[in-house]
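Colleague: For reference, the structure I am asking about is given below.
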Amino acid sequence: MRQNYSNSLIDTQKSSLPFLDTLAQLATEPNTNGFQRSFVKRARSKYMTDNLVLQLADVPNTVLKKSYWNTYHCNSIIEQKGKELKTRYCKNRWCLTCNRVRTGILINGYLPALKKLIDPYFVTLTIKTVPKEQLQETIGLMKSVFNKTKKQLSIRKGIKLIGIRKFEDTYNAITDKYHPHYHLIIEGKENAEQLLAGWIKRLKEIDVNCIDKKGQNIRKADEKSIFELFKYFTKIISGKGDDMSIEPVALDVIFTSMINQRVFQPLGIKKVDDDVLFEQIRAEIYSDLTEQNTVYQWLNNDWVDVYTGELLTGYQPTDKVKRLFKPHKKQSKYN
């Protein structure tokens, strides 16, 4: 039941901090996960995203300032018509709300093809950590090495890779370096081994010192591996418990380096067009939602009915979530 803005909010202290929501559904299909369950999670991700992009927009000389402020307005207005809720998605990689939706879309899209693999293997291809000045160049190098290795496997050994490749990047605050790497699910152990061998061989030809021997890995894949692949391409929040932190400058370096770069690359399977599917889920139907026509606007940590002042979800950020973010005064021409 929705509450009035003046009332106390629902206690969510025992809630975890999920970054993956339930799988996305099309607007024509009633959401069976339940309105309250879905939108409390969405309120939490909206609250965290807003506070995150305020920090990202403050990073000196960031080229993504306008895009960060675009995310600040993501999901800010929700229109209700009957049992349908309609909103706007920014689709940016740093938006926790859009990331959950995109994860659902990608899992729904790729899981059937990946489940058809007879002998799948989870492969990790890495390169040594680099300072921020070398990150973008290193990402380009990795892409080139992978594509040439894949081409050589096809031409010389008749190996056609089937599966999916995902780019990931992590930041080490102690060394102040970045670790770009690939995770893949590939059909066939021999194909996975040949890919790894080709990757290392080509890196040696370029610079033997860039090889991260400990990071390379091949292991049998299962359904858990598939879901692991779709988690995130970079960790927004580092650490656990009281040691959780956010590194906005490092995140900006990663996001900037990935401009016009793909996170997911299907190999021998049909590409899932998540941009198109995003448009199909702008509006969602909730069978358990009280039918009415109204508009909700985001205010602090919940959506408020502009006509009655009622809260949509009753979400209240926990102390753990609040500690991640410092008080911030909004100052931007993009606000």
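Each chain of the structure tokens is named A, B, ... in the order shown, its residues numbered from 1; ligands are numbered from 1 in display order.
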Would you pick out the contacts of Glu79 in chain A at 9 Å or less, using only C-alpha atoms, so that residues sharing its chain but fewer than 2 positions from it are not included, and give the list as an MDAnalysis selection string?
Modeller: chainID A and resid 77 81 84:87 283 293:297
Colleague: Which residues are close to Thr126 in chain A, i.e. within 9 Å by only C-alpha atoms, leaving aside same-chain residues fewer than 4 positions away? Reply as a PyMOL selection string.
Modeller: chain A and resi 142+179-183+211-217
Colleague: Could you give me, as JSON, numbers by chain, the residues within 12 Å of Lys150 in chain A, counting only C-alpha atoms and dropping anything in the same chain fewer than 4 positions from it?
Modeller: {"A": [143, 144, 145, 146, 154, 155, 156, 157, 158, 159, 160, 161, 162, 165, 191, 192, 194, 195, 196, 197, 198, 199, 202, 267, 268]}
Colleague: Generate the output file for the selected residues, N, CA and C atoms, as a JSON list (two decimals), in the first residue's frame.
Modeller:
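And here is the file that came out, selection.json:
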[["chain", "number", "residue", "atom", "x", "y", "z"],
["A", 143, "LYS", "N", 41.51, -5.81, -28.22],
["A", 143, "LYS", "CA", 40.52, -6.05, -29.28],
["A", 143, "LYS", "C", 41.22, -6.56, -30.55],
["A", 144, "SER", "N", 42.34, -5.92, -30.89],
["A", 144, "SER", "CA", 43.09, -6.30, -32.08],
["A", 144, "SER", "C", 43.66, -7.71, -31.94],
["A", 145, "VAL", "N", 44.25, -8.00, -30.78],
["A", 145, "VAL", "CA", 44.84, -9.32, -30.53],
["A", 145, "VAL", "C", 43.77, -10.41, -30.60],
["A", 146, "PHE", "N", 42.63, -10.15, -29.99],
["A", 146, "PHE", "CA", 41.56, -11.16, -30.00],
["A", 146, "PHE", "C", 41.07, -11.42, -31.42],
["A", 154, "SER", "N", 40.47, -19.64, -37.37],
["A", 154, "SER", "CA", 39.53, -20.01, -38.43],
["A", 154, "SER", "C", 40.27, -20.41, -39.71],
["A", 155, "ILE", "N", 41.29, -19.63, -40.09],
["A", 155, "ILE", "CA", 41.99, -19.86, -41.36],
["A", 155, "ILE", "C", 42.91, -21.07, -41.27],
["A", 156, "ARG", "N", 43.73, -21.13, -40.22],
["A", 156, "ARG", "CA", 44.76, -22.16, -40.14],
["A", 156, "ARG", "C", 44.29, -23.49, -39.54],
["A", 157, "LYS", "N", 43.31, -23.42, -38.64],
["A", 157, "LYS", "CA", 42.92, -24.66, -37.96],
["A", 157, "LYS", "C", 41.45, -25.00, -38.14],
["A", 158, "GLY", "N", 40.75, -24.17, -38.89],
["A", 158, "GLY", "CA", 39.34, -24.45, -39.16],
["A", 158, "GLY", "C", 38.46, -24.37, -37.92],
["A", 159, "ILE", "N", 38.88, -23.61, -36.92],
["A", 159, "ILE", "CA", 38.12, -23.48, -35.67],
["A", 159, "ILE", "C", 37.23, -22.24, -35.73],
["A", 160, "LYS", "N", 35.94, -22.45, -35.62],
["A", 160, "LYS", "CA", 35.00, -21.34, -35.55],
["A", 160, "LYS", "C", 34.49, -21.24, -34.11],
["A", 161, "LEU", "N", 34.81, -20.12, -33.48],
["A", 161, "LEU", "CA", 34.41, -19.94, -32.09],
["A", 161, "LEU", "C", 32.91, -19.70, -31.98],
["A", 162, "ILE", "N", 32.26, -20.44, -31.09],
["A", 162, "ILE", "CA", 30.84, -20.30, -30.82],
["A", 162, "ILE", "C", 30.66, -19.96, -29.35],
["A", 165, "ARG", "N", 31.71, -13.22, -25.86],
["A", 165, "ARG", "CA", 32.85, -12.58, -25.21],
["A", 165, "ARG", "C", 32.36, -11.34, -24.47],
["A", 191, "ASN", "N", 38.78, -25.90, -28.43],
["A", 191, "ASN", "CA", 38.65, -24.56, -28.97],
["A", 191, "ASN", "C", 39.08, -23.51, -27.94],
["A", 192, "ALA", "N", 38.67, -23.73, -26.68],
["A", 192, "ALA", "CA", 39.04, -22.81, -25.61],
["A", 192, "ALA", "C", 40.56, -22.80, -25.40],
["A", 194, "GLN", "N", 42.89, -23.64, -27.62],
["A", 194, "GLN", "CA", 43.52, -23.04, -28.79],
["A", 194, "GLN", "C", 43.40, -21.52, -28.76],
["A", 195, "LEU", "N", 42.26, -21.02, -28.29],
["A", 195, "LEU", "CA", 42.07, -19.57, -28.18],
["A", 195, "LEU", "C", 43.06, -18.98, -27.18],
["A", 196, "LEU", "N", 43.18, -19.61, -26.02],
["A", 196, "LEU", "CA", 44.10, -19.11, -25.00],
["A", 196, "LEU", "C", 45.55, -19.16, -25.48],
["A", 197, "ALA", "N", 45.92, -20.26, -26.14],
["A", 197, "ALA", "CA", 47.29, -20.40, -26.65],
["A", 197, "ALA", "C", 47.59, -19.34, -27.70],
["A", 198, "GLY", "N", 46.61, -19.08, -28.58],
["A", 198, "GLY", "CA", 46.79, -18.06, -29.61],
["A", 198, "GLY", "C", 46.88, -16.67, -29.04],
["A", 199, "TRP", "N", 46.09, -16.43, -28.00],
["A", 199, "TRP", "CA", 46.10, -15.13, -27.31],
["A", 199, "TRP", "C", 47.48, -14.86, -26.71],
["A", 202, "ARG", "N", 50.29, -14.35, -29.46],
["A", 202, "ARG", "CA", 50.28, -13.05, -30.12],
["A", 202, "ARG", "C", 50.72, -11.93, -29.18],
["A", 267, "LEU", "N", 29.69, -14.58, -30.53],
["A", 267, "LEU", "CA", 30.58, -15.28, -31.45],
["A", 267, "LEU", "C", 29.83, -16.46, -32.06],
["A", 268, "GLY", "N", 29.42, -16.30, -33.30],
["A", 268, "GLY", "CA", 28.72, -17.39, -33.98],
["A", 268, "GLY", "C", 27.28, -17.58, -33.52]]
Colleague: Tell me, as a PDB file with C-alpha atoms, in the first residue's frame, which residues lie within 10 Å of Val40 in chain A, counting only C-alpha atoms; anything in the same chain fewer than 2 positions away does not count.
Modeller:
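around.pdb was written with the following content:
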ATOM      1  CA  ILE A  10       8.993   1.185   5.119  1.00  0.00           C
ATOM      2  CA  THR A  12      14.361  -1.911   4.559  1.00  0.00           C
ATOM      3  CA  PHE A  35       4.856  -4.200  -8.295  1.00  0.00           C
ATOM      4  CA  GLN A  36       6.071  -3.577  -4.724  1.00  0.00           C
ATOM      5  CA  ARG A  37       8.999  -6.003  -4.977  1.00  0.00           C
ATOM      6  CA  SER A  38      10.131  -4.621  -8.336  1.00  0.00           C
ATOM      7  CA  ARG A  42      14.152   0.258  -8.518  1.00  0.00           C
ATOM      8  CA  ALA A  43      13.853   3.035  -5.937  1.00  0.00           C
ATOM      9  CA  ARG A  44      17.026   1.811  -4.263  1.00  0.00           C
ATOM     10  CA  SER A  45      18.936   1.743  -7.563  1.00  0.00           C
ATOM     11  CA  LYS A  46      17.560   5.179  -8.511  1.00  0.00           C
ATOM     12  CA  ASP A 302      10.906   7.846  -3.741  1.00  0.00           C
ATOM     13  CA  LEU A 312       4.872   5.028  -4.825  1.00  0.00           C
ATOM     14  CA  THR A 313       7.048   2.518  -2.928  1.00  0.00           C
ATOM     15  CA  GLY A 314       7.854   3.720   0.588  1.00  0.00           C
ATOM     16  CA  TYR A 315      11.577   3.081   0.040  1.00  0.00           C
ATOM     17  CA  GLN A 316      14.028   4.442   2.597  1.00  0.00           C
TER      18      GLN A 316
END
Colleague: Could you name the residues that touch range 225-236 of chain A at 6 Å or less, counting only C-alpha atoms, but leaving out those on the same chain fewer than 4 positions away, as a list in words?
Modeller: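 My reading of the contact set: Glu168, Asp169, Thr170 and Ala221 of chain A.
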Colleague: Identify which of the residues A:Ile285, A:Ile218, A:Val101, A:Val53 lies closest to Lys41 in chain A, counting only C-alpha atoms when measuring atom-to-atom distances.
Modeller: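 The answer is A:Val101, which sits nearest to Lys41 in chain A.
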